[in-house]
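Shown below: final_18.cif, with mmCIF, N, CA and C atoms.
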```cif
data_input
loop_
_atom_site.label_atom_id
_atom_site.label_comp_id
_atom_site.auth_asym_id
_atom_site.auth_seq_id
_atom_site.Cartn_x
_atom_site.Cartn_y
_atom_site.Cartn_z
N GLN A 754 1.21 -20.16 -12.54
CA GLN A 754 1.12 -18.90 -11.85
C GLN A 754 2.26 -17.99 -12.26
N VAL A 755 2.02 -16.70 -12.15
CA VAL A 755 3.04 -15.73 -12.47
C VAL A 755 3.67 -15.23 -11.17
N HIS A 756 4.97 -14.99 -11.21
CA HIS A 756 5.70 -14.48 -10.05
C HIS A 756 5.81 -12.97 -10.18
N LEU A 757 5.46 -12.24 -9.12
CA LEU A 757 5.42 -10.78 -9.17
C LEU A 757 6.34 -10.19 -8.11
N VAL A 758 7.10 -9.18 -8.48
CA VAL A 758 8.00 -8.51 -7.54
C VAL A 758 7.81 -7.00 -7.69
N GLU A 759 7.37 -6.36 -6.60
CA GLU A 759 7.16 -4.91 -6.61
C GLU A 759 8.42 -4.19 -6.14
N SER A 760 8.55 -2.95 -6.57
CA SER A 760 9.62 -2.08 -6.10
C SER A 760 9.18 -0.63 -6.28
N GLY A 761 9.96 0.28 -5.69
CA GLY A 761 9.70 1.70 -5.88
C GLY A 761 9.05 2.41 -4.73
N GLY A 762 8.68 1.67 -3.69
CA GLY A 762 8.08 2.33 -2.54
C GLY A 762 9.10 3.16 -1.77
N GLY A 763 8.60 3.95 -0.83
CA GLY A 763 9.49 4.77 -0.02
C GLY A 763 8.73 5.84 0.73
N LEU A 764 9.49 6.79 1.23
CA LEU A 764 8.94 7.90 2.01
C LEU A 764 8.92 9.15 1.13
N VAL A 765 7.78 9.82 1.09
CA VAL A 765 7.65 11.03 0.28
C VAL A 765 6.76 12.02 1.02
N GLN A 766 6.98 13.28 0.77
CA GLN A 766 6.14 14.31 1.39
C GLN A 766 4.82 14.44 0.62
N ALA A 767 3.82 14.92 1.32
CA ALA A 767 2.53 15.16 0.68
C ALA A 767 2.72 16.09 -0.52
N GLY A 768 2.04 15.76 -1.60
CA GLY A 768 2.17 16.51 -2.84
C GLY A 768 3.22 15.96 -3.79
N GLY A 769 4.03 15.05 -3.30
CA GLY A 769 5.09 14.47 -4.11
C GLY A 769 4.61 13.31 -4.97
N SER A 770 5.56 12.68 -5.64
CA SER A 770 5.25 11.60 -6.57
C SER A 770 6.16 10.40 -6.32
N LEU A 771 5.65 9.25 -6.68
CA LEU A 771 6.43 8.01 -6.70
C LEU A 771 5.96 7.17 -7.87
N ARG A 772 6.85 6.33 -8.37
CA ARG A 772 6.46 5.35 -9.38
C ARG A 772 6.79 3.95 -8.88
N LEU A 773 5.77 3.14 -8.77
CA LEU A 773 5.96 1.75 -8.39
C LEU A 773 6.11 0.89 -9.64
N SER A 774 6.90 -0.16 -9.50
CA SER A 774 7.08 -1.12 -10.59
C SER A 774 6.71 -2.51 -10.11
N CYS A 775 6.23 -3.31 -11.03
CA CYS A 775 5.90 -4.70 -10.75
C CYS A 775 6.45 -5.54 -11.89
N ALA A 776 7.49 -6.30 -11.61
CA ALA A 776 8.11 -7.16 -12.61
C ALA A 776 7.48 -8.55 -12.54
N ALA A 777 7.02 -9.02 -13.66
CA ALA A 777 6.35 -10.31 -13.73
C ALA A 777 7.22 -11.33 -14.46
N SER A 778 7.19 -12.56 -13.98
CA SER A 778 7.90 -13.64 -14.65
C SER A 778 7.05 -14.89 -14.55
N GLY A 779 7.32 -15.83 -15.44
CA GLY A 779 6.54 -17.05 -15.44
C GLY A 779 5.79 -17.20 -16.76
N ARG A 780 4.47 -17.29 -16.68
CA ARG A 780 3.66 -17.49 -17.88
C ARG A 780 3.55 -16.20 -18.69
N THR A 781 2.98 -16.30 -19.85
CA THR A 781 2.92 -15.19 -20.80
C THR A 781 2.30 -13.97 -20.16
N PHE A 782 3.06 -12.93 -20.06
CA PHE A 782 2.64 -11.71 -19.40
C PHE A 782 1.41 -11.11 -20.03
N GLY A 783 1.32 -11.13 -21.34
CA GLY A 783 0.24 -10.46 -22.03
C GLY A 783 -1.13 -11.05 -21.81
N ASN A 784 -1.24 -12.25 -21.27
CA ASN A 784 -2.53 -12.90 -21.07
C ASN A 784 -3.01 -12.84 -19.63
N TYR A 785 -2.71 -11.77 -18.96
CA TYR A 785 -3.10 -11.60 -17.57
C TYR A 785 -3.77 -10.26 -17.36
N ALA A 786 -4.79 -10.25 -16.54
CA ALA A 786 -5.24 -8.99 -15.97
C ALA A 786 -4.22 -8.61 -14.90
N MET A 787 -3.88 -7.33 -14.82
CA MET A 787 -2.87 -6.87 -13.86
C MET A 787 -3.47 -5.75 -13.04
N GLY A 788 -3.14 -5.76 -11.75
CA GLY A 788 -3.72 -4.72 -10.91
C GLY A 788 -2.83 -4.33 -9.76
N TRP A 789 -3.19 -3.23 -9.14
CA TRP A 789 -2.54 -2.75 -7.92
C TRP A 789 -3.61 -2.61 -6.84
N PHE A 790 -3.26 -3.07 -5.66
CA PHE A 790 -4.08 -2.89 -4.47
C PHE A 790 -3.20 -2.30 -3.38
N ARG A 791 -3.82 -1.82 -2.33
CA ARG A 791 -3.05 -1.32 -1.19
C ARG A 791 -3.76 -1.68 0.10
N GLN A 792 -2.96 -1.75 1.15
CA GLN A 792 -3.51 -2.08 2.47
C GLN A 792 -2.84 -1.22 3.52
N ALA A 793 -3.64 -0.41 4.16
CA ALA A 793 -3.17 0.43 5.26
C ALA A 793 -3.33 -0.34 6.56
N PRO A 794 -2.57 0.02 7.59
CA PRO A 794 -2.67 -0.69 8.87
C PRO A 794 -4.09 -0.71 9.41
N GLY A 795 -4.56 -1.89 9.76
CA GLY A 795 -5.89 -2.02 10.34
C GLY A 795 -7.03 -1.96 9.36
N LYS A 796 -6.71 -1.90 8.06
CA LYS A 796 -7.76 -1.79 7.05
C LYS A 796 -7.69 -2.96 6.08
N GLU A 797 -8.77 -3.14 5.34
CA GLU A 797 -8.80 -4.19 4.33
C GLU A 797 -8.02 -3.76 3.09
N ARG A 798 -7.63 -4.76 2.30
CA ARG A 798 -6.94 -4.47 1.07
C ARG A 798 -7.90 -3.78 0.10
N GLU A 799 -7.42 -2.67 -0.47
CA GLU A 799 -8.25 -1.78 -1.27
C GLU A 799 -7.77 -1.76 -2.72
N PHE A 800 -8.72 -1.79 -3.64
CA PHE A 800 -8.39 -1.70 -5.05
C PHE A 800 -7.85 -0.31 -5.40
N VAL A 801 -6.79 -0.29 -6.22
CA VAL A 801 -6.20 0.98 -6.64
C VAL A 801 -6.36 1.18 -8.15
N ALA A 802 -5.84 0.23 -8.94
CA ALA A 802 -5.88 0.39 -10.40
C ALA A 802 -5.67 -0.97 -11.05
N ALA A 803 -6.14 -1.12 -12.30
CA ALA A 803 -5.98 -2.40 -12.98
C ALA A 803 -6.10 -2.24 -14.49
N PHE A 804 -5.46 -3.18 -15.18
CA PHE A 804 -5.68 -3.43 -16.60
C PHE A 804 -6.58 -4.65 -16.72
N SER A 805 -7.51 -4.63 -17.66
CA SER A 805 -8.30 -5.82 -17.93
C SER A 805 -7.44 -6.89 -18.60
N TRP A 806 -7.95 -8.13 -18.63
CA TRP A 806 -7.23 -9.23 -19.27
C TRP A 806 -6.96 -8.90 -20.74
N SER A 807 -7.90 -8.25 -21.38
CA SER A 807 -7.73 -7.89 -22.79
C SER A 807 -6.69 -6.80 -22.97
N GLY A 808 -6.38 -6.09 -21.90
CA GLY A 808 -5.45 -4.97 -22.01
C GLY A 808 -6.08 -3.71 -22.55
N GLY A 809 -7.35 -3.80 -22.93
CA GLY A 809 -7.99 -2.66 -23.58
C GLY A 809 -8.63 -1.67 -22.64
N SER A 810 -8.74 -2.03 -21.37
CA SER A 810 -9.42 -1.15 -20.41
C SER A 810 -8.59 -0.98 -19.16
N THR A 811 -8.70 0.21 -18.56
CA THR A 811 -8.08 0.47 -17.27
C THR A 811 -9.15 0.90 -16.28
N TYR A 812 -8.88 0.64 -15.03
CA TYR A 812 -9.83 0.91 -13.95
C TYR A 812 -9.07 1.55 -12.80
N TYR A 813 -9.76 2.44 -12.09
CA TYR A 813 -9.16 3.13 -10.96
C TYR A 813 -10.13 3.20 -9.80
N GLY A 814 -9.57 3.12 -8.60
CA GLY A 814 -10.38 3.35 -7.42
C GLY A 814 -10.74 4.82 -7.31
N ASP A 815 -11.86 5.10 -6.68
CA ASP A 815 -12.34 6.48 -6.60
C ASP A 815 -11.33 7.40 -5.91
N SER A 816 -10.64 6.90 -4.93
CA SER A 816 -9.75 7.74 -4.14
C SER A 816 -8.46 8.11 -4.87
N VAL A 817 -8.16 7.44 -5.97
CA VAL A 817 -6.90 7.71 -6.68
C VAL A 817 -7.12 8.20 -8.11
N ARG A 818 -8.34 8.14 -8.58
CA ARG A 818 -8.61 8.54 -9.96
C ARG A 818 -8.21 9.99 -10.19
N GLY A 819 -7.47 10.22 -11.26
CA GLY A 819 -6.98 11.57 -11.57
C GLY A 819 -5.60 11.86 -11.00
N ARG A 820 -5.14 11.03 -10.06
CA ARG A 820 -3.82 11.24 -9.46
C ARG A 820 -2.86 10.10 -9.81
N PHE A 821 -3.38 8.90 -9.95
CA PHE A 821 -2.57 7.72 -10.23
C PHE A 821 -2.80 7.26 -11.66
N THR A 822 -1.75 6.68 -12.27
CA THR A 822 -1.86 6.14 -13.62
C THR A 822 -1.19 4.78 -13.69
N ILE A 823 -1.90 3.79 -14.18
CA ILE A 823 -1.33 2.46 -14.39
C ILE A 823 -0.88 2.36 -15.84
N SER A 824 0.29 1.76 -16.03
CA SER A 824 0.80 1.56 -17.38
C SER A 824 1.61 0.28 -17.40
N ARG A 825 2.03 -0.16 -18.59
CA ARG A 825 2.83 -1.36 -18.64
C ARG A 825 3.76 -1.34 -19.83
N ASP A 826 4.84 -2.07 -19.66
CA ASP A 826 5.84 -2.25 -20.70
C ASP A 826 5.88 -3.74 -21.02
N MET A 827 5.27 -4.11 -22.14
CA MET A 827 5.17 -5.52 -22.47
C MET A 827 6.54 -6.14 -22.69
N ALA A 828 7.46 -5.39 -23.26
CA ALA A 828 8.79 -5.92 -23.55
C ALA A 828 9.54 -6.26 -22.26
N ARG A 829 9.28 -5.48 -21.20
CA ARG A 829 9.96 -5.71 -19.92
C ARG A 829 9.10 -6.51 -18.94
N ASN A 830 7.91 -6.94 -19.38
CA ASN A 830 7.01 -7.67 -18.48
C ASN A 830 6.82 -6.92 -17.16
N THR A 831 6.62 -5.63 -17.26
CA THR A 831 6.54 -4.79 -16.07
C THR A 831 5.30 -3.91 -16.12
N VAL A 832 4.64 -3.79 -14.99
CA VAL A 832 3.52 -2.89 -14.82
C VAL A 832 3.94 -1.78 -13.86
N TYR A 833 3.51 -0.57 -14.14
CA TYR A 833 3.89 0.57 -13.33
C TYR A 833 2.66 1.23 -12.71
N LEU A 834 2.89 1.91 -11.62
CA LEU A 834 1.85 2.74 -11.02
C LEU A 834 2.49 4.09 -10.72
N GLN A 835 2.17 5.08 -11.53
CA GLN A 835 2.64 6.44 -11.31
C GLN A 835 1.68 7.12 -10.35
N MET A 836 2.22 7.59 -9.24
CA MET A 836 1.41 8.20 -8.19
C MET A 836 1.82 9.65 -8.03
N ASN A 837 0.91 10.56 -8.33
CA ASN A 837 1.17 11.99 -8.22
C ASN A 837 0.28 12.62 -7.15
N ASN A 838 0.68 13.79 -6.70
CA ASN A 838 -0.09 14.52 -5.68
C ASN A 838 -0.44 13.60 -4.50
N LEU A 839 0.57 12.93 -3.99
CA LEU A 839 0.33 11.97 -2.92
C LEU A 839 -0.18 12.64 -1.65
N LYS A 840 -1.02 11.93 -0.94
CA LYS A 840 -1.62 12.42 0.30
C LYS A 840 -1.27 11.47 1.44
N PRO A 841 -1.29 11.95 2.66
CA PRO A 841 -1.00 11.05 3.79
C PRO A 841 -1.90 9.81 3.81
N GLU A 842 -3.12 9.94 3.35
CA GLU A 842 -4.04 8.79 3.33
C GLU A 842 -3.68 7.76 2.27
N ASP A 843 -2.69 8.06 1.42
CA ASP A 843 -2.19 7.07 0.46
C ASP A 843 -1.17 6.13 1.10
N THR A 844 -0.79 6.41 2.33
CA THR A 844 0.17 5.57 3.04
C THR A 844 -0.38 4.15 3.19
N ALA A 845 0.38 3.17 2.71
CA ALA A 845 -0.06 1.78 2.73
C ALA A 845 1.04 0.90 2.16
N VAL A 846 0.84 -0.40 2.26
CA VAL A 846 1.65 -1.36 1.50
C VAL A 846 0.91 -1.59 0.19
N TYR A 847 1.63 -1.43 -0.91
CA TYR A 847 1.03 -1.57 -2.23
C TYR A 847 1.41 -2.94 -2.81
N TYR A 848 0.40 -3.63 -3.30
CA TYR A 848 0.58 -4.98 -3.83
C TYR A 848 0.22 -5.03 -5.31
N CYS A 849 1.04 -5.74 -6.06
CA CYS A 849 0.75 -6.03 -7.45
C CYS A 849 0.02 -7.37 -7.52
N ALA A 850 -0.90 -7.49 -8.48
CA ALA A 850 -1.67 -8.72 -8.60
C ALA A 850 -1.89 -9.06 -10.07
N ALA A 851 -2.09 -10.34 -10.33
CA ALA A 851 -2.30 -10.80 -11.70
C ALA A 851 -3.30 -11.95 -11.71
N ASP A 852 -3.98 -12.11 -12.84
CA ASP A 852 -4.92 -13.22 -12.98
C ASP A 852 -5.06 -13.59 -14.45
N PRO A 853 -5.02 -14.91 -14.77
CA PRO A 853 -5.07 -15.34 -16.16
C PRO A 853 -6.48 -15.59 -16.70
N THR A 854 -7.50 -15.41 -15.88
CA THR A 854 -8.86 -15.71 -16.33
C THR A 854 -9.20 -14.88 -17.56
N PRO A 855 -9.58 -15.53 -18.67
CA PRO A 855 -9.80 -14.79 -19.93
C PRO A 855 -11.13 -14.06 -19.99
N VAL A 856 -11.34 -13.15 -19.08
CA VAL A 856 -12.51 -12.28 -19.11
C VAL A 856 -12.05 -10.95 -19.69
N PRO A 857 -12.54 -10.58 -20.86
CA PRO A 857 -12.01 -9.39 -21.55
C PRO A 857 -11.99 -8.13 -20.70
N ASP A 858 -13.09 -7.88 -19.97
CA ASP A 858 -13.18 -6.66 -19.17
C ASP A 858 -13.86 -6.97 -17.84
N PHE A 859 -13.50 -6.20 -16.82
CA PHE A 859 -14.18 -6.32 -15.54
C PHE A 859 -15.58 -5.70 -15.67
N THR A 860 -16.56 -6.35 -15.08
CA THR A 860 -17.92 -5.83 -15.13
C THR A 860 -18.26 -5.03 -13.89
N ALA A 861 -17.37 -5.03 -12.92
CA ALA A 861 -17.54 -4.25 -11.70
C ALA A 861 -16.15 -3.87 -11.19
N THR A 862 -16.10 -3.05 -10.17
CA THR A 862 -14.81 -2.68 -9.59
C THR A 862 -14.06 -3.95 -9.18
N PRO A 863 -12.84 -4.13 -9.66
CA PRO A 863 -12.09 -5.33 -9.30
C PRO A 863 -11.90 -5.47 -7.79
N THR A 864 -11.90 -6.72 -7.34
CA THR A 864 -11.66 -7.01 -5.94
C THR A 864 -10.50 -7.99 -5.84
N THR A 865 -10.07 -8.27 -4.63
CA THR A 865 -8.98 -9.23 -4.43
C THR A 865 -9.35 -10.60 -4.97
N ALA A 866 -10.63 -10.93 -4.99
CA ALA A 866 -11.07 -12.24 -5.49
C ALA A 866 -10.87 -12.39 -6.99
N ASP A 867 -10.63 -11.30 -7.69
CA ASP A 867 -10.44 -11.35 -9.14
C ASP A 867 -9.00 -11.68 -9.53
N PHE A 868 -8.11 -11.82 -8.56
CA PHE A 868 -6.69 -12.04 -8.84
C PHE A 868 -6.17 -13.23 -8.04
N ASP A 869 -5.34 -14.04 -8.70
CA ASP A 869 -4.86 -15.24 -8.00
C ASP A 869 -3.37 -15.22 -7.71
N SER A 870 -2.64 -14.25 -8.22
CA SER A 870 -1.20 -14.16 -7.95
C SER A 870 -0.90 -12.79 -7.34
N TRP A 871 -0.05 -12.78 -6.32
CA TRP A 871 0.25 -11.55 -5.58
C TRP A 871 1.74 -11.41 -5.34
N GLY A 872 2.21 -10.17 -5.38
CA GLY A 872 3.56 -9.88 -4.97
C GLY A 872 3.66 -9.74 -3.47
N GLN A 873 4.86 -9.45 -3.01
CA GLN A 873 5.11 -9.35 -1.57
C GLN A 873 4.79 -7.98 -1.01
N GLY A 874 4.61 -7.00 -1.88
CA GLY A 874 4.24 -5.66 -1.45
C GLY A 874 5.43 -4.72 -1.34
N THR A 875 5.15 -3.45 -1.51
CA THR A 875 6.15 -2.41 -1.30
C THR A 875 5.49 -1.28 -0.51
N ARG A 876 6.20 -0.78 0.48
CA ARG A 876 5.59 0.18 1.40
C ARG A 876 5.75 1.61 0.90
N VAL A 877 4.66 2.34 0.96
CA VAL A 877 4.64 3.77 0.62
C VAL A 877 4.19 4.54 1.85
N THR A 878 5.01 5.52 2.23
CA THR A 878 4.67 6.38 3.35
C THR A 878 4.67 7.83 2.91
N VAL A 879 3.56 8.51 3.12
CA VAL A 879 3.42 9.91 2.73
C VAL A 879 3.32 10.74 3.99
N SER A 880 4.27 11.63 4.17
CA SER A 880 4.29 12.48 5.37
C SER A 880 3.55 13.79 5.09
N SER A 881 2.95 14.32 6.14
CA SER A 881 2.19 15.57 5.98
C SER A 881 3.06 16.78 6.21
#
```
What's the structure tokens form of this structure?
Amino acid sequence: QVHLVESGGGLVQAGGSLRLSCAASGRTFGNYAMGWFRQAPGKEREFVAAFSWSGGSTYYGDSVRGRFTISRDMARNTVYLQMNNLKPEDTAVYYCAADPTPVPDFTATPTTADFDSWGQGTRVTVSS
């Protein structure tokens, strides 16, 4: 399993930006699908963005597409989530996730069941 540690959360006003980081350690970073999910109070964990196992494809949830960008730095074993034009409804705990299953691309919107390793989460609060 890979160990994941998120950072970069905080309090920001609506319209602002944040960049989350997820540092991975353990097994070979390049052979994992990597993703971000979020969970707001009283709600289920929601897909935000992901890289496929092959690294060749990216995926975004409908509510963040066009505002959020997932990227990664292979040399630093780190995945990032750049969040722009933040809205109060983006308030949640954001979780990084990874999975080694060698499926080149997701055939549907990724779910929590597609990932077997999780970070502890970082809280993002967007004020109106």
Give me the residues near segment 784-787 of chain A as a PyMOL selection string, where near means some atom within 6.5 Å (using only N, CA and C atoms) and where sequence neighbours in that chain fewer than 6 positions away do not count. chain A and resi 802-807+850-854
Expected selection from the PyMOL selection byres ((chain A and resi 777) around 6.5), given as a ChimeraX atom specification: /A:755-758,775-776,778-779,829-832
Write out as JSON lines a residue-level contact list of segment 784-811 of chain A versus segment 873-878 of chain A with cut-off 12 Å: for each qualifying residue the closest pair of atoms and the distance in Å to one decimal, counting only C-alpha atoms, rows sorted by chain and residue number upward.
```
{"residue": "A:Trp789", "atom": "CA", "partner": "A:Gly874", "partner_atom": "CA", "distance": 9.8}
{"residue": "A:Phe790", "atom": "CA", "partner": "A:Gly874", "partner_atom": "CA", "distance": 9.3}
{"residue": "A:Arg791", "atom": "CA", "partner": "A:Gly874", "partner_atom": "CA", "distance": 8.5}
{"residue": "A:Gln792", "atom": "CA", "partner": "A:Gly874", "partner_atom": "CA", "distance": 9.4}
{"residue": "A:Ala793", "atom": "CA", "partner": "A:Arg876", "partner_atom": "CA", "distance": 9.6}
{"residue": "A:Pro794", "atom": "CA", "partner": "A:Arg876", "partner_atom": "CA", "distance": 11.2}
{"residue": "A:Arg798", "atom": "CA", "partner": "A:Gly874", "partner_atom": "CA", "distance": 11.5}
```
Distance of atom CA of Asp843 of chain A from atom CA of Ser770 of chain A, expressed in Å to one decimal place: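 These two atoms are separated by 11.2 Å.
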Mind giving me the straight-line distance from atom CA of Arg820 of chain A to atom CA of Gly788 of chain A in Å, one decimal?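 Computing it gives 16.0 Å between the two atoms.
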